[in-house]
>>> print(open('protein16.pdb').read())   # PDB, C-alpha atoms
ATOM      1  CA  MET A1243      26.939  32.219  17.102
ATOM      2  CA  GLY A1244      23.592  30.442  17.711
ATOM      3  CA  ASP A1245      22.551  27.134  16.336
ATOM      4  CA  ALA A1246      20.873  27.546  12.975
ATOM      5  CA  ALA A1247      17.615  25.667  12.639
ATOM      6  CA  GLN A1248      18.155  22.545  10.593
ATOM      7  CA  PRO A1249      15.663  21.846   7.805
ATOM      8  CA  PRO A1250      13.577  18.739   8.405
ATOM      9  CA  ARG A1251      14.945  15.506   7.012
ATOM     10  CA  PRO A1252      12.911  13.229   4.763
ATOM     11  CA  GLY A1253      11.298  10.223   6.403
ATOM     12  CA  VAL A1254      12.093   6.669   5.366
ATOM     13  CA  GLY A1255       9.152   4.397   4.760
ATOM     14  CA  VAL A1256       8.541   0.914   3.437
ATOM     15  CA  GLY A1257       5.456   0.094   1.379
ATOM     16  CA  VAL A1258       4.328  -3.415   0.481
ATOM     17  CA  VAL A1259       2.816  -4.455  -2.837
ATOM     18  CA  ILE A1260       0.833  -7.537  -1.773
ATOM     19  CA  THR A1261      -0.513 -10.011  -4.296
ATOM     20  CA  SER A1262      -2.430 -13.234  -3.776
ATOM     21  CA  PRO A1263      -2.806 -16.354  -5.921
ATOM     22  CA  ALA A1264      -6.479 -16.334  -4.876
ATOM     23  CA  HIS A1265      -6.930 -12.880  -6.507
ATOM     24  CA  PRO A1266      -5.062 -12.968  -9.851
ATOM     25  CA  GLY A1267      -3.934  -9.642 -11.249
ATOM     26  CA  CYS A1268      -4.851  -7.787  -8.026
ATOM     27  CA  VAL A1269      -2.931  -5.927  -5.342
ATOM     28  CA  LEU A1270      -4.137  -5.001  -1.871
ATOM     29  CA  LEU A1271      -5.121  -1.356  -1.360
ATOM     30  CA  GLY A1272      -6.550   0.523   1.583
ATOM     31  CA  LYS A1273      -7.785   4.043   2.210
ATOM     32  CA  ARG A1274      -5.872   6.287   4.575
ATOM     33  CA  LYS A1275      -7.355   8.000   7.579
ATOM     34  CA  GLY A1276      -6.014  11.175   9.079
ATOM     35  CA  ARG A1277      -5.015  14.686   8.200
ATOM     36  CA  LEU A1278      -2.407  13.816   5.576
ATOM     37  CA  GLY A1279      -3.784  11.926   2.604
ATOM     38  CA  GLY A1280      -7.076  10.978   4.261
ATOM     39  CA  GLY A1281      -9.326   9.138   1.802
ATOM     40  CA  MET A1282      -6.480   8.375  -0.620
ATOM     41  CA  TYR A1283      -5.579   4.822  -1.602
ATOM     42  CA  GLN A1284      -2.398   3.369  -0.172
ATOM     43  CA  LEU A1285      -0.425   0.173   0.142
ATOM     44  CA  PRO A1286       0.230  -1.358   3.563
ATOM     45  CA  GLY A1287       3.418   0.118   4.983
ATOM     46  CA  GLY A1288       5.019   2.400   7.501
ATOM     47  CA  HIS A1289       8.241   3.692   9.001
ATOM     48  CA  LEU A1290      11.451   1.717   8.884
ATOM     49  CA  GLU A1291      12.474   1.029  12.481
ATOM     50  CA  PHE A1292      16.059   1.426  13.704
ATOM     51  CA  GLY A1293      18.101  -1.693  12.896
ATOM     52  CA  GLU A1294      15.307  -3.288  10.855
ATOM     53  CA  SER A1295      15.885  -4.715   7.374
ATOM     54  CA  LEU A1296      13.574  -3.694   4.538
ATOM     55  CA  ALA A1297      12.116  -7.216   4.380
ATOM     56  CA  GLU A1298      11.563  -7.275   8.156
ATOM     57  CA  CYS A1299       9.767  -3.935   7.986
ATOM     58  CA  ALA A1300       7.554  -5.043   5.095
ATOM     59  CA  ALA A1301       6.638  -8.288   6.873
ATOM     60  CA  ARG A1302       5.914  -6.448  10.145
ATOM     61  CA  GLU A1303       3.730  -3.814   8.489
ATOM     62  CA  ALA A1304       1.714  -6.452   6.589
ATOM     63  CA  ARG A1305       1.103  -8.313   9.885
ATOM     64  CA  GLU A1306       0.291  -5.151  11.860
ATOM     65  CA  GLU A1307      -2.024  -3.519   9.329
ATOM     66  CA  ALA A1308      -3.626  -6.427   7.486
ATOM     67  CA  ALA A1309      -2.911  -9.500   9.653
ATOM     68  CA  LEU A1310      -1.177 -11.113   6.676
ATOM     69  CA  ARG A1311       1.980 -13.189   6.629
ATOM     70  CA  LEU A1312       3.921 -12.869   3.399
ATOM     71  CA  ARG A1313       6.089 -15.170   1.342
ATOM     72  CA  ASN A1314       8.532 -14.463  -1.512
ATOM     73  CA  LEU A1315       9.281 -10.991  -0.119
ATOM     74  CA  ARG A1316      11.599  -8.999  -2.405
ATOM     75  CA  PHE A1317      12.549  -5.525  -3.614
ATOM     76  CA  ALA A1318      10.113  -3.840  -6.012
ATOM     77  CA  SER A1319      11.147  -0.187  -6.307
ATOM     78  CA  ALA A1320      12.026   3.034  -4.504
ATOM     79  CA  VAL A1321      10.428   6.467  -4.758
ATOM     80  CA  ASN A1322      11.296   9.922  -3.499
ATOM     81  CA  ALA A1323       8.037  11.841  -3.032
ATOM     82  CA  ALA A1324       7.969  15.421  -1.785
ATOM     83  CA  CYS A1325       5.030  17.730  -1.227
ATOM     84  CA  PRO A1326       6.460  20.811   0.503
ATOM     85  CA  ALA A1327       3.034  22.475   0.850
ATOM     86  CA  ALA A1328       1.901  19.556   3.035
ATOM     87  CA  GLY A1329       5.234  19.276   4.862
ATOM     88  CA  TYR A1330       5.688  15.797   3.383
ATOM     89  CA  HIS A1331       8.910  14.314   2.058
ATOM     90  CA  TYR A1332       9.496  10.565   2.177
ATOM     91  CA  VAL A1333      11.845   8.149   0.530
ATOM     92  CA  THR A1334       9.801   4.960   0.321
ATOM     93  CA  VAL A1335      11.243   1.588  -0.520
ATOM     94  CA  LEU A1336       8.600  -0.654  -2.046
ATOM     95  CA  MET A1337       8.785  -4.370  -1.400
ATOM     96  CA  LYS A1338       6.628  -7.044  -3.008
ATOM     97  CA  GLY A1339       5.234 -10.118  -1.295
ATOM     98  CA  GLU A1340       2.522 -12.717  -1.724
ATOM     99  CA  ALA A1341      -0.112 -13.457   0.884
ATOM    100  CA  GLU A1342       0.187 -17.004   2.187
ATOM    101  CA  PRO A1343      -2.232 -19.399   0.443
ATOM    102  CA  GLY A1344      -5.696 -19.231   1.970
ATOM    103  CA  ALA A1345      -4.897 -16.086   3.956
ATOM    104  CA  GLU A1346      -7.217 -13.103   3.722
ATOM    105  CA  PRO A1347      -6.604  -9.669   5.243
ATOM    106  CA  ARG A1348      -8.188  -8.149   8.343
ATOM    107  CA  ASN A1349      -8.168  -4.480   9.230
ATOM    108  CA  SER A1350      -5.871  -4.589  12.255
ATOM    109  CA  GLU A1351      -5.435  -0.810  12.517
ATOM    110  CA  PRO A1352      -8.845   0.826  12.006
ATOM    111  CA  ASP A1353      -7.447   4.072  13.423
ATOM    112  CA  LYS A1354      -5.201   4.342  10.334
ATOM    113  CA  ASN A1355      -7.323   2.681   7.636
ATOM    114  CA  GLU A1356     -10.955   3.280   6.748
ATOM    115  CA  GLY A1357     -13.469   0.690   7.917
ATOM    116  CA  GLU A1358     -13.948  -1.238  11.101
ATOM    117  CA  ARG A1359     -11.850  -3.995  12.622
ATOM    118  CA  GLY A1360     -13.073  -7.114  10.872
ATOM    119  CA  GLY A1361     -13.175 -10.854  11.145
ATOM    120  CA  ALA A1362     -13.170 -13.506   8.462
ATOM    121  CA  GLY A1363     -14.365 -12.473   5.010
ATOM    122  CA  VAL A1364     -17.145 -14.148   3.081
ATOM    123  CA  TYR A1365     -17.121 -13.939  -0.727
ATOM    124  CA  ILE A1366     -20.474 -12.899  -2.231
ATOM    125  CA  GLY A1367     -20.826 -11.970  -5.885
ATOM    126  CA  GLY A1368     -17.484 -10.271  -6.452
ATOM    127  CA  VAL A1369     -17.343  -8.434  -3.124
ATOM    128  CA  ALA A1370     -16.118  -9.899   0.135
ATOM    129  CA  THR A1371     -18.227  -9.022   3.130
ATOM    130  CA  ARG A1372     -17.356  -9.296   6.801
ATOM    131  CA  SER A1373     -19.182 -11.521   9.179
ATOM    132  CA  GLY A1374     -20.589  -9.379  11.963
ATOM    133  CA  ARG A1375     -21.835  -5.828  11.855
ATOM    134  CA  GLY A1376     -21.228  -3.279   9.132
ATOM    135  CA  TYR A1377     -20.064  -3.727   5.578
ATOM    136  CA  SER A1378     -16.838  -5.035   4.159
ATOM    137  CA  GLN A1379     -13.474  -3.605   5.065
ATOM    138  CA  TRP A1380     -11.810  -5.698   2.375
ATOM    139  CA  ALA A1381     -13.243  -6.385  -1.065
ATOM    140  CA  TRP A1382     -12.173  -8.380  -4.077
ATOM    141  CA  LEU A1383     -13.151  -6.526  -7.222
ATOM    142  CA  TYR A1384     -13.035  -8.585 -10.383
ATOM    143  CA  ASP A1385     -15.245  -6.754 -12.856
ATOM    144  CA  VAL A1386     -15.643  -3.426 -11.110
ATOM    145  CA  GLY A1387     -13.328  -0.593 -12.093
ATOM    146  CA  VAL A1388     -14.595   1.872  -9.504
ATOM    147  CA  ALA A1389     -12.958   2.183  -6.106
ATOM    148  CA  THR A1390     -15.173   1.882  -3.059
ATOM    149  CA  GLU A1391     -14.982   3.083   0.556
ATOM    150  CA  ARG A1392     -13.269  -0.044   1.877
ATOM    151  CA  TRP A1393      -9.983  -1.949   1.608
ATOM    152  CA  GLU A1394      -9.764  -3.831  -1.635
ATOM    153  CA  TRP A1395      -7.955  -6.307  -3.818
ATOM    154  CA  VAL A1396      -7.840  -4.145  -6.936
ATOM    155  CA  LYS A1397      -6.866  -5.246 -10.433
ATOM    156  CA  TRP A1398      -3.585  -3.549 -11.317
ATOM    157  CA  ASP A1399      -4.924  -2.523 -14.731
ATOM    158  CA  GLN A1400      -8.134  -1.040 -13.211
ATOM    159  CA  PHE A1401      -6.551   1.248 -10.619
ATOM    160  CA  PRO A1402      -8.160   4.436  -9.317
ATOM    161  CA  PRO A1403      -6.910   7.644 -10.998
ATOM    162  CA  ALA A1404      -3.527   9.047  -9.932
ATOM    163  CA  GLU A1405      -5.066  11.907  -7.908
ATOM    164  CA  GLN A1406      -6.752   9.313  -5.638
ATOM    165  CA  LEU A1407      -3.464   7.518  -4.852
ATOM    166  CA  PHE A1408      -1.325   8.474  -1.857
ATOM    167  CA  TRP A1409       1.998   9.820  -2.991
ATOM    168  CA  ALA A1410       4.325   6.804  -2.788
ATOM    169  CA  LEU A1411       1.784   4.650  -4.641
ATOM    170  CA  ARG A1412       1.181   7.386  -7.188
ATOM    171  CA  CYS A1413       4.915   7.678  -7.836
ATOM    172  CA  LEU A1414       5.223   3.895  -8.160
ATOM    173  CA  ARG A1415       2.497   3.864 -10.818
ATOM    174  CA  GLU A1416       4.102   6.805 -12.645
ATOM    175  CA  GLN A1417       7.378   4.857 -12.793
ATOM    176  CA  GLY A1418       5.622   2.183 -14.836
ATOM    177  CA  TYR A1419       6.115  -0.543 -12.228
ATOM    178  CA  ASN A1420       4.343  -3.846 -12.903
ATOM    179  CA  PRO A1421       3.947  -6.182  -9.900
ATOM    180  CA  PHE A1422       3.343  -9.129 -12.218
ATOM    181  CA  SER A1423       6.702  -8.854 -13.951
ATOM    182  CA  GLU A1424      10.071  -9.456 -12.316
ATOM    183  CA  GLU A1425      11.746  -6.872 -14.530
ATOM    184  CA  LEU A1426      13.032  -3.656 -12.981
ATOM    185  CA  ALA A1427      12.929  -1.699 -16.250
ATOM    186  CA  HIS A1428      10.712   0.915 -14.558
ATOM    187  CA  LEU A1429      13.821   2.154 -12.708
ATOM    188  CA  GLN A1430      15.839   2.875 -15.858
ATOM    189  CA  GLY A1431      16.325   6.615 -16.067
ATOM    190  CA  TYR A1432      14.512   7.258 -12.759
ATOM    191  CA  THR A1433      16.061  10.373 -11.214
ATOM    192  CA  GLY A1434      14.409  10.005  -7.819
ATOM    193  CA  SER A1435      12.348  13.164  -7.958
ATOM    194  CA  HIS A1436       8.579  13.378  -7.656
ATOM    195  CA  GLN A1437       7.467  16.867  -6.688
ATOM    196  CA  LEU A1438       3.776  16.712  -5.850
ATOM    197  CA  ALA A1439       1.287  19.544  -5.458
TER     198      ALA A1439
END
>>> encode(input="protein16.pdb", output="structure tokens")
Amino acid sequence: MGDAAQPPRPGVGVGVVITSPAHPGCVLLGKRKGRLGGGMYQLPGGHLEFGESLAECAAREAREEAALRLRNLRFASAVNAACPAAGYHYVTVLMKGEAEPGAEPRNSEPDKNEGERGGAGVYIGGVATRSGRGYSQWAWLYDVGVATERWEWVKWDQFPPAEQLFWALRCLREQGYNPFSEELAHLQGYTGSHQLA
């Protein structure tokens, strides 16, 4: 009897909800590049490495993708997002952390996130711009409710519509998670199933 082909197993990812005292009510979002979810908003994050704790993974991904060191890193939520048509099924553990005071993000992985590799940001009229060539990779939107083509600190209550959010982030929003509350009430009754089209 031959070996039967095993169905693929879900991946395990860690996403990071990053807040900053310098940007009240905002979380850090980026836009994905690539075949799967290209142009959709996402949180920093990636695959959990063998032997790595959830907090270690979240801290590593924040450093690798956004050049940010985090403090007060803790559990936020977990989602189980599947999109069989795209061959996508991930269990993503969401952690929450705060950017260190005075720290601002840089696009450290421009091959994965829209925009160019950037240097220090300069705040001008509600939008942070990069010194050097090109326009901002990171932006701080205070009064603007429309998402732009760069990484952003976005007000939690002015998020892009669900169809513009990559699946783990979309599921997190659908759970009713609030990064500015320490309650975990959003997990009450959660069955762990988000089937996405």
>>> resolve_selection(input="protein16.pdb", expression="the PyMOL selection byres ((chain A and resi 1327-1338) around 7)", output="list in words")
Pro1252, Gly1253, Val1254, Gly1255, Val1256, Gly1257, Val1258, Val1259, Ile1260, Ala1300, Leu1315, Arg1316, Phe1317, Ala1318, Ser1319, Ala1320, Val1321, Asn1322, Ala1323, Ala1324, Cys1325, Pro1326, Gly1339 and Ala1410 of chain A
>>> write_last_selection(input="protein16.pdb", atoms="C-alpha atoms", output="PDB file, keeping the file's coordinate frame")
ATOM      1  CA  PRO A1252      12.911  13.229   4.763  1.00  0.00           C
ATOM      2  CA  GLY A1253      11.298  10.223   6.403  1.00  0.00           C
ATOM      3  CA  VAL A1254      12.093   6.669   5.366  1.00  0.00           C
ATOM      4  CA  GLY A1255       9.152   4.397   4.760  1.00  0.00           C
ATOM      5  CA  VAL A1256       8.541   0.914   3.437  1.00  0.00           C
ATOM      6  CA  GLY A1257       5.456   0.094   1.379  1.00  0.00           C
ATOM      7  CA  VAL A1258       4.328  -3.415   0.481  1.00  0.00           C
ATOM      8  CA  VAL A1259       2.816  -4.455  -2.837  1.00  0.00           C
ATOM      9  CA  ILE A1260       0.833  -7.537  -1.773  1.00  0.00           C
ATOM     10  CA  ALA A1300       7.554  -5.043   5.095  1.00  0.00           C
ATOM     11  CA  LEU A1315       9.281 -10.991  -0.119  1.00  0.00           C
ATOM     12  CA  ARG A1316      11.599  -8.999  -2.405  1.00  0.00           C
ATOM     13  CA  PHE A1317      12.549  -5.525  -3.614  1.00  0.00           C
ATOM     14  CA  ALA A1318      10.113  -3.840  -6.012  1.00  0.00           C
ATOM     15  CA  SER A1319      11.147  -0.187  -6.307  1.00  0.00           C
ATOM     16  CA  ALA A1320      12.026   3.034  -4.504  1.00  0.00           C
ATOM     17  CA  VAL A1321      10.428   6.467  -4.758  1.00  0.00           C
ATOM     18  CA  ASN A1322      11.296   9.922  -3.499  1.00  0.00           C
ATOM     19  CA  ALA A1323       8.037  11.841  -3.032  1.00  0.00           C
ATOM     20  CA  ALA A1324       7.969  15.421  -1.785  1.00  0.00           C
ATOM     21  CA  CYS A1325       5.030  17.730  -1.227  1.00  0.00           C
ATOM     22  CA  PRO A1326       6.460  20.811   0.503  1.00  0.00           C
ATOM     23  CA  GLY A1339       5.234 -10.118  -1.295  1.00  0.00           C
ATOM     24  CA  ALA A1410       4.325   6.804  -2.788  1.00  0.00           C
TER      25      ALA A1410
END
>>> resolve_selection(input="protein16.pdb", expression="the PyMOL selection byres ((chain A and resi 1284) around 7)", output="list in words")
Leu1271, Gly1272, Lys1273, Arg1274, Met1282, Tyr1283, Leu1285, Pro1286, Leu1407, Phe1408 and Leu1411 of chain A
>>> atom_distance(input="protein16.pdb", atom1="atom CA of A:Glu1291", atom2="atom CA of A:Ala1246")
27.8 Å
>>> atom_distance(input="protein16.pdb", atom1="atom CA of A:Pro1347", atom2="atom CA of A:Trp1409")
22.8 Å
>>> atom_distance(input="protein16.pdb", atom1="atom CA of A:Leu1414", atom2="atom CA of A:Leu1278")
18.6 Å
>>> residues_near_point(input="protein16.pdb", point="(-7.5, -8.6, -5.1)", cutoff="6 Å", atoms="only C-alpha atoms", output="ChimeraX atom specification")
/A:1265,1268-1270,1382,1395-1396
>>> resolve_selection(input="protein16.pdb", expression="the PyMOL selection byres ((chain A and resi 1340) around 6)", output="list in words")
Ile1260, Thr1261, Ser1262, Leu1312, Arg1313, Gly1339 and Ala1341 of chain A
>>> write_last_selection(input="protein16.pdb", atoms="C-alpha atoms", output="compact mmCIF listing (two decimals), in the frame of the given file")
# COMPACT_ATOMS: atom_id res chain seq x y z
CA ILE A 1260 0.83 -7.54 -1.77
CA THR A 1261 -0.51 -10.01 -4.30
CA SER A 1262 -2.43 -13.23 -3.78
CA LEU A 1312 3.92 -12.87 3.40
CA ARG A 1313 6.09 -15.17 1.34
CA GLY A 1339 5.23 -10.12 -1.30
CA ALA A 1341 -0.11 -13.46 0.88
>>> closest_residue(input="protein16.pdb", among="A:Arg1348, A:Arg1305, A:Lys1397, A:Arg1415", to="A:Pro1266", atoms="all atoms listed in the file")
A:Lys1397
